[in-house]
Amino acid sequence: MPLETSSRVVQALARRGYNAEREAVTLIAESSSPELALESAIEAAPEDALVLTTDHVREALEAEPVPDPKQVDGANRSPPSTDTGSTATDTASSATTDDPAREDPSVSSGTPAREPHQDAETDPDETKGTGAGARSPNPPVVANDMTGASTGTGAYDEFVGVFRDRYERLSGQLRGRVNHRPADSIEAMGGGADVELIGLVNDIRSTASGHWLVELEDTTGTFPCLVMKDRDIADLVDELLMDECIAVSGTLADDAGIVFVDAIHFPDVPRTYRPSTADRHVQAALISDVHVGSQEFLADAWGRFADWLHTEEAETVEYLLIAGDMVEGVGVYPNQDEELDIVDIYDQYETFSEHLKEVPGDMEIVMIPGNHDAVRLAEPQPGFDEELRGIMSAHDPQIVSNPAVVDVEGVSVLMYHGVSLDEVIAELPEEKASYDEPHKAMYQLLKKRHVAPQFGGKTRVAPEERDYLVIDEVPDVFHTGHVHKLGWGKYHNVLAVNSGCWQAQTDFQKSVNIDPDVAHAPILDLDTLDMMVRKFV
């Protein structure tokens, strides 16, 4: 199957506002005329469909067989090229550890030099396949991408709608564990009854006696829930964030005006969860926060990373996933202009694209925006506009929204830039969330099944028709950036990775006491989900 065709199918669907099932993309790509098959499948799909399914494609192809493209309008078209690039044989090794301090020492001061990079369009090593030894990555399939599908105008009713959607979806994950009664129904019950309630956290405050009063809100109203300070579950109150969805079990007071809480339940990742893996040995590099345009961007370290990707040791690294902040941006923080090496935002992206050309031309690249990028700050952030996409066209990357779920060789990767990590770290006790161990803050987001639960704080949220920030399906890998710290570990068998940055410490970072972990590249084995970290400083 021509891989370029499949990649273009995904991108063409994204431009039209559709996600697609992997098999649906394959059917379109393998048809005699992918372009016509894609248009027919879109026509066959219901008007309100957001995901193009395999059934939609089959229905379209069976109803109206796609003609031979050489006969359409007398055109004499050539089939798509099947050239997929070149590398050698499978020899890359991997190491695994849950200790963020452990790194692979084999790459600490650069790699053997190679000839200067050429553009992907002209470098014969990057455009000419070598038969069985060539890299042949499968284009990742993206879900939850809202690029081109934004409908929010900021109206009050839209905010109500997005929180209602959040409640309905997260409460659905909790209803199998509790027998939920609506708040207005509980008010009508007699004192002393056992009750279970699911709601969004509307308020948290301590009483004069040191107990905790947590007010939960569902679609019928609010109800106060008292957590006694001497109960084991009192520690869980420290983990709560406003607007997250939880369930409580307890007993109504004699006057039926409050619930004495016996248990707190989070949507959470089931402890029995087992991740999916690739059916062949293949690797992905997970990076973020490149910050091209900053005076502190580490161009030499990036060059060493790109050089290493061309080596025999890295031949199984077929995917590059970048979790936001490709450039430094303009006006992101006070006096930023004094720390810029490139002051024009478009020039920053032009330079980033030149650096992107240094990586092997046959790698599959997926990118999401971050808070320094030239997109709206409110989450979910749509992918870049057409002008910026045109600038960053090197290697035909998939550019999707923040957050997005990316299926890579059967492994589900939740990519989220990570602005809400600031909020989690600020609100929770240090032992549960800190900048030194950013993956622990990520555990909390997995536990809450939402990448940005608290509204109105550090994280800006835009109202859409649905809450794109809910974690509906448990990912196999959770990849973030933003905090410029390296950390990883497993939470209920989900690998959480914060991948550091490619920018040395700025004056602003010094002022807020951030000591970044620079020029690290976590390398993930997709067939085992083991991980090693390469260092290029």
# chains A, B, ... in the order shown; residues from 1 in each chain; ligands from 1
call {"tool": "select_by_dssp", "arguments": {"residues": "region 205-277 of chain A", "states": "strand (DSSP E or B)", "output": "NGL selection string"}}
result
:A and (205-206 or 212-218 or 221-227 or 245-252 or 259-265)
call {"tool": "select_by_dssp", "arguments": {"residues": "region 302-489 of chain A", "states": "helix (DSSP H, G or I)", "output": "ChimeraX atom specification"}}
result
/A:302-309,312-314,336-339,345-356,386-391,420-427,438-448
call {"tool": "residues_around", "arguments": {"residues": "Glu473 (chain A)", "least_positions_apart": "5", "cutoff": "10 Å", "atoms": "only C-alpha atoms", "output": "VMD selection string"}}
result
chain A and resid 269 405 412 414 449
call {"tool": "write_last_selection", "arguments": {"atoms": "C-alpha atoms", "output": "JSON list (two decimals), in the first residue's frame"}}
result
[["chain", "number", "residue", "atom", "x", "y", "z"],
["A", 269, "VAL", "CA", -7.82, 3.88, 35.11],
["A", 405, "VAL", "CA", -5.21, 10.66, 20.61],
["A", 412, "SER", "CA", -2.79, 4.58, 21.69],
["A", 414, "LEU", "CA", -2.64, 10.63, 24.28],
["A", 449, "ARG", "CA", -9.83, 11.04, 33.34]]
call {"tool": "closest_atom_pairs", "arguments": {"of": "region 412-442 of chain A", "to": "region 490-513 of chain A", "cutoff": "10 Å", "atoms": "only C-alpha atoms", "output": "tab-separated table"}}
result
residue	atom	partner	partner_atom	distance
A:Val413	CA	A:Leu495	CA	9.4
A:Leu414	CA	A:Ala496	CA	9.5
A:Met415	CA	A:Val497	CA	9.9
A:Tyr416	CA	A:Asn498	CA	9.9
A:His417	CA	A:Asn498	CA	9.3
A:Gly418	CA	A:Asn498	CA	8.8
A:Glu437	CA	A:Asn498	CA	9.1
A:Pro438	CA	A:Asn498	CA	6.6
A:His439	CA	A:Ala496	CA	5.8
A:Lys440	CA	A:Ala496	CA	8.4
A:Ala441	CA	A:Ala496	CA	9.6
A:Met442	CA	A:Ala496	CA	6.6
call {"tool": "write_last_selection", "arguments": {"atoms": "N, CA and C atoms", "output": "mmCIF file, in the first residue's frame"}}
result
data_model
loop_
_atom_site.group_PDB
_atom_site.id
_atom_site.type_symbol
_atom_site.label_atom_id
_atom_site.label_comp_id
_atom_site.auth_asym_id
_atom_site.auth_seq_id
_atom_site.Cartn_x
_atom_site.Cartn_y
_atom_site.Cartn_z
ATOM 1 N N VAL A 413 -1.621 6.705 21.924
ATOM 2 C CA VAL A 413 -0.823 7.742 22.590
ATOM 3 C C VAL A 413 -1.682 8.998 22.757
ATOM 4 N N LEU A 414 -1.941 9.370 24.002
ATOM 5 C CA LEU A 414 -2.635 10.627 24.284
ATOM 6 C C LEU A 414 -1.590 11.729 24.342
ATOM 7 N N MET A 415 -1.633 12.638 23.384
ATOM 8 C CA MET A 415 -0.701 13.759 23.336
ATOM 9 C C MET A 415 -1.402 15.007 23.857
ATOM 10 N N TYR A 416 -0.808 15.624 24.861
ATOM 11 C CA TYR A 416 -1.358 16.847 25.459
ATOM 12 C C TYR A 416 -0.184 17.731 25.846
ATOM 13 N N HIS A 417 -0.236 19.013 25.464
ATOM 14 C CA HIS A 417 0.920 19.860 25.749
ATOM 15 C C HIS A 417 1.202 19.956 27.239
ATOM 16 N N GLY A 418 0.161 20.216 28.067
ATOM 17 C CA GLY A 418 0.371 20.111 29.500
ATOM 18 C C GLY A 418 0.258 21.372 30.323
ATOM 19 N N GLU A 437 9.014 15.845 39.547
ATOM 20 C CA GLU A 437 8.452 14.568 39.115
ATOM 21 C C GLU A 437 7.132 14.832 38.376
ATOM 22 N N PRO A 438 7.230 15.395 37.172
ATOM 23 C CA PRO A 438 6.007 15.811 36.468
ATOM 24 C C PRO A 438 5.078 14.652 36.130
ATOM 25 N N HIS A 439 5.626 13.446 36.023
ATOM 26 C CA HIS A 439 4.771 12.306 35.692
ATOM 27 C C HIS A 439 3.756 12.025 36.794
ATOM 28 N N LYS A 440 4.063 12.398 38.043
ATOM 29 C CA LYS A 440 3.102 12.181 39.121
ATOM 30 C C LYS A 440 1.885 13.100 38.970
ATOM 31 N N ALA A 441 2.120 14.306 38.474
ATOM 32 C CA ALA A 441 0.986 15.186 38.163
ATOM 33 C C ALA A 441 0.155 14.599 37.026
ATOM 34 N N MET A 442 0.819 13.944 36.086
ATOM 35 C CA MET A 442 0.113 13.293 34.993
ATOM 36 C C MET A 442 -0.733 12.130 35.513
#
call {"tool": "residues_around", "arguments": {"residues": "Ala193 (chain A)", "least_positions_apart": "2", "cutoff": "7 Å", "atoms": "only C-alpha atoms", "output": "number ranges by chain"}}
result
A: 190-191, 195, 251-252
call {"tool": "write_last_selection", "arguments": {"atoms": "C-alpha atoms", "output": "compact mmCIF listing (two decimals), in the first residue's frame"}}
result
# COMPACT_ATOMS: atom_id res chain seq x y z
CA GLY A 190 -35.29 10.16 54.93
CA GLY A 191 -32.42 10.63 57.37
CA VAL A 195 -26.84 7.09 49.38
CA THR A 251 -25.10 8.01 54.88
CA LEU A 252 -27.60 10.83 55.11
call {"tool": "closest_residue", "arguments": {"among": "A:Val292, A:Ala278, A:Ala378, A:Val451", "to": "Thr528 (chain A)", "atoms": "only C-alpha atoms"}}
result
A:Ala278
call {"tool": "atom_distance", "arguments": {"atom1": "CA of Glu313 (chain A)", "atom2": "CA of Ile399 (chain A)"}}
result
27.4 Å
call {"tool": "residues_around", "arguments": {"residues": "region 51-54 of chain A", "least_positions_apart": "2", "cutoff": "6 Å", "atoms": "only C-alpha atoms", "output": "PyMOL selection string"}}
result
chain A and resi 18-21+23-24+49+56-57
call {"tool": "write_last_selection", "arguments": {"atoms": "C-alpha atoms", "output": "CSV table (one decimal), in the first residue's frame"}}
result
chain,number,residue,atom,x,y,z
A,18,TYR,CA,-13.4,14.2,10.1
A,19,ASN,CA,-11.5,11.6,12.1
A,20,ALA,CA,-11.4,8.1,10.8
A,21,GLU,CA,-11.1,4.5,11.8
A,23,GLU,CA,-9.4,0.3,8.5
A,24,ALA,CA,-11.5,3.1,6.9
A,49,ALA,CA,-20.9,12.2,11.7
A,56,HIS,CA,-19.3,4.4,5.7
A,57,VAL,CA,-16.4,3.6,3.3
call {"tool": "residues_around", "arguments": {"residues": "region 427-434 of chain A", "least_positions_apart": "2", "cutoff": "12 Å", "atoms": "only C-alpha atoms", "output": "ChimeraX atom specification"}}
result
/A:235-242,420-425,436-445,454,457-458,483,485-487,514
call {"tool": "write_last_selection", "arguments": {"atoms": "C-alpha atoms", "output": "PDB file, in the first residue's frame"}}
result
ATOM      1  CA  ASP A 235      -6.253  12.402  52.433  1.00  0.00           C
ATOM      2  CA  LEU A 236      -8.149  12.079  49.151  1.00  0.00           C
ATOM      3  CA  VAL A 237      -9.632  15.543  49.650  1.00  0.00           C
ATOM      4  CA  ASP A 238      -6.103  16.888  49.111  1.00  0.00           C
ATOM      5  CA  GLU A 239      -6.256  15.475  45.577  1.00  0.00           C
ATOM      6  CA  LEU A 240      -9.533  17.107  44.609  1.00  0.00           C
ATOM      7  CA  LEU A 241      -9.689  19.890  42.044  1.00  0.00           C
ATOM      8  CA  MET A 242     -12.643  22.115  41.341  1.00  0.00           C
ATOM      9  CA  SER A 420      -2.847  22.184  33.293  1.00  0.00           C
ATOM     10  CA  LEU A 421       0.154  20.523  34.948  1.00  0.00           C
ATOM     11  CA  ASP A 422       0.984  23.961  36.411  1.00  0.00           C
ATOM     12  CA  GLU A 423      -2.410  23.978  38.086  1.00  0.00           C
ATOM     13  CA  VAL A 424      -2.179  20.430  39.379  1.00  0.00           C
ATOM     14  CA  ILE A 425       1.279  21.076  40.837  1.00  0.00           C
ATOM     15  CA  ASP A 436      10.746  17.542  39.783  1.00  0.00           C
ATOM     16  CA  GLU A 437       8.452  14.568  39.115  1.00  0.00           C
ATOM     17  CA  PRO A 438       6.007  15.811  36.468  1.00  0.00           C
ATOM     18  CA  HIS A 439       4.771  12.306  35.692  1.00  0.00           C
ATOM     19  CA  LYS A 440       3.102  12.181  39.121  1.00  0.00           C
ATOM     20  CA  ALA A 441       0.986  15.186  38.163  1.00  0.00           C
ATOM     21  CA  MET A 442       0.113  13.293  34.993  1.00  0.00           C
ATOM     22  CA  TYR A 443      -1.039  10.364  37.153  1.00  0.00           C
ATOM     23  CA  GLN A 444      -3.596  12.704  38.706  1.00  0.00           C
ATOM     24  CA  LEU A 445      -4.996  13.634  35.286  1.00  0.00           C
ATOM     25  CA  GLN A 454     -10.191  22.852  36.877  1.00  0.00           C
ATOM     26  CA  GLY A 457      -7.415  29.106  36.855  1.00  0.00           C
ATOM     27  CA  LYS A 458      -4.166  28.864  34.900  1.00  0.00           C
ATOM     28  CA  VAL A 483       6.984  22.122  32.263  1.00  0.00           C
ATOM     29  CA  LYS A 485      11.165  18.704  33.121  1.00  0.00           C
ATOM     30  CA  LEU A 486      11.900  15.076  32.274  1.00  0.00           C
ATOM     31  CA  GLY A 487       9.916  12.426  34.106  1.00  0.00           C
ATOM     32  CA  ILE A 514      12.632  26.389  36.810  1.00  0.00           C
TER      33      ILE A 514
END
call {"tool": "residues_around", "arguments": {"residues": "Ile204 (chain A)", "least_positions_apart": "2", "cutoff": "8 Å", "atoms": "only C-alpha atoms", "output": "ChimeraX atom specification"}}
result
/A:201-202,206,212-215,242
call {"tool": "write_last_selection", "arguments": {"atoms": "C-alpha atoms", "output": "compact mmCIF listing (two decimals), in the first residue's frame"}}
result
# COMPACT_ATOMS: atom_id res chain seq x y z
CA VAL A 201 -16.85 19.33 42.57
CA ASN A 202 -18.56 22.69 43.07
CA SER A 206 -12.96 23.15 55.80
CA TRP A 212 -13.99 18.83 54.93
CA LEU A 213 -17.20 19.93 53.26
CA VAL A 214 -17.30 19.00 49.56
CA GLU A 215 -20.26 20.24 47.54
CA MET A 242 -12.64 22.11 41.34
call {"tool": "closest_atom_pairs", "arguments": {"of": "region 237-292 of chain A", "to": "region 157-172 of chain A", "cutoff": "10 Å", "atoms": "only C-alpha atoms", "output": "Markdown table"}}
result
| residue | atom | partner | partner_atom | distance |
| --- | --- | --- | --- | --- |
| A:Asp243 | CA | A:Phe163 | CA | 8.5 |
| A:Glu244 | CA | A:Tyr167 | CA | 8.7 |
| A:Cys245 | CA | A:Leu170 | CA | 6.4 |
| A:Ile246 | CA | A:Ser171 | CA | 7.7 |
| A:Ala247 | CA | A:Ser171 | CA | 8.1 |
| A:Phe266 | CA | A:Leu170 | CA | 9.3 |
| A:Pro267 | CA | A:Leu170 | CA | 6.6 |
| A:Asp268 | CA | A:Leu170 | CA | 9.8 |
call {"tool": "atom_distance", "arguments": {"atom1": "CA of Thr459 (chain A)", "atom2": "CA of Met367 (chain A)"}}
result
20.4 Å
call {"tool": "closest_atom_pairs", "arguments": {"of": "region 160-207 of chain A", "to": "region 221-228 of chain A", "cutoff": "9 Å", "atoms": "only C-alpha atoms", "output": "CSV"}}
result
residue,atom,partner,partner_atom,distance
A:Pro182,CA,A:Gly221,CA,8.0
A:Ala183,CA,A:Gly221,CA,5.6
A:Asp184,CA,A:Gly221,CA,6.3
A:Ile186,CA,A:Phe223,CA,8.4
A:Glu187,CA,A:Phe223,CA,8.2
A:Leu197,CA,A:Phe223,CA,8.8
A:Gly199,CA,A:Thr222,CA,8.2
A:Asn202,CA,A:Thr222,CA,7.9
A:Asp203,CA,A:Pro224,CA,8.9
call {"tool": "atom_distance", "arguments": {"atom1": "CA of Gln398 (chain A)", "atom2": "CA of Leu356 (chain A)"}}
result
13.1 Å
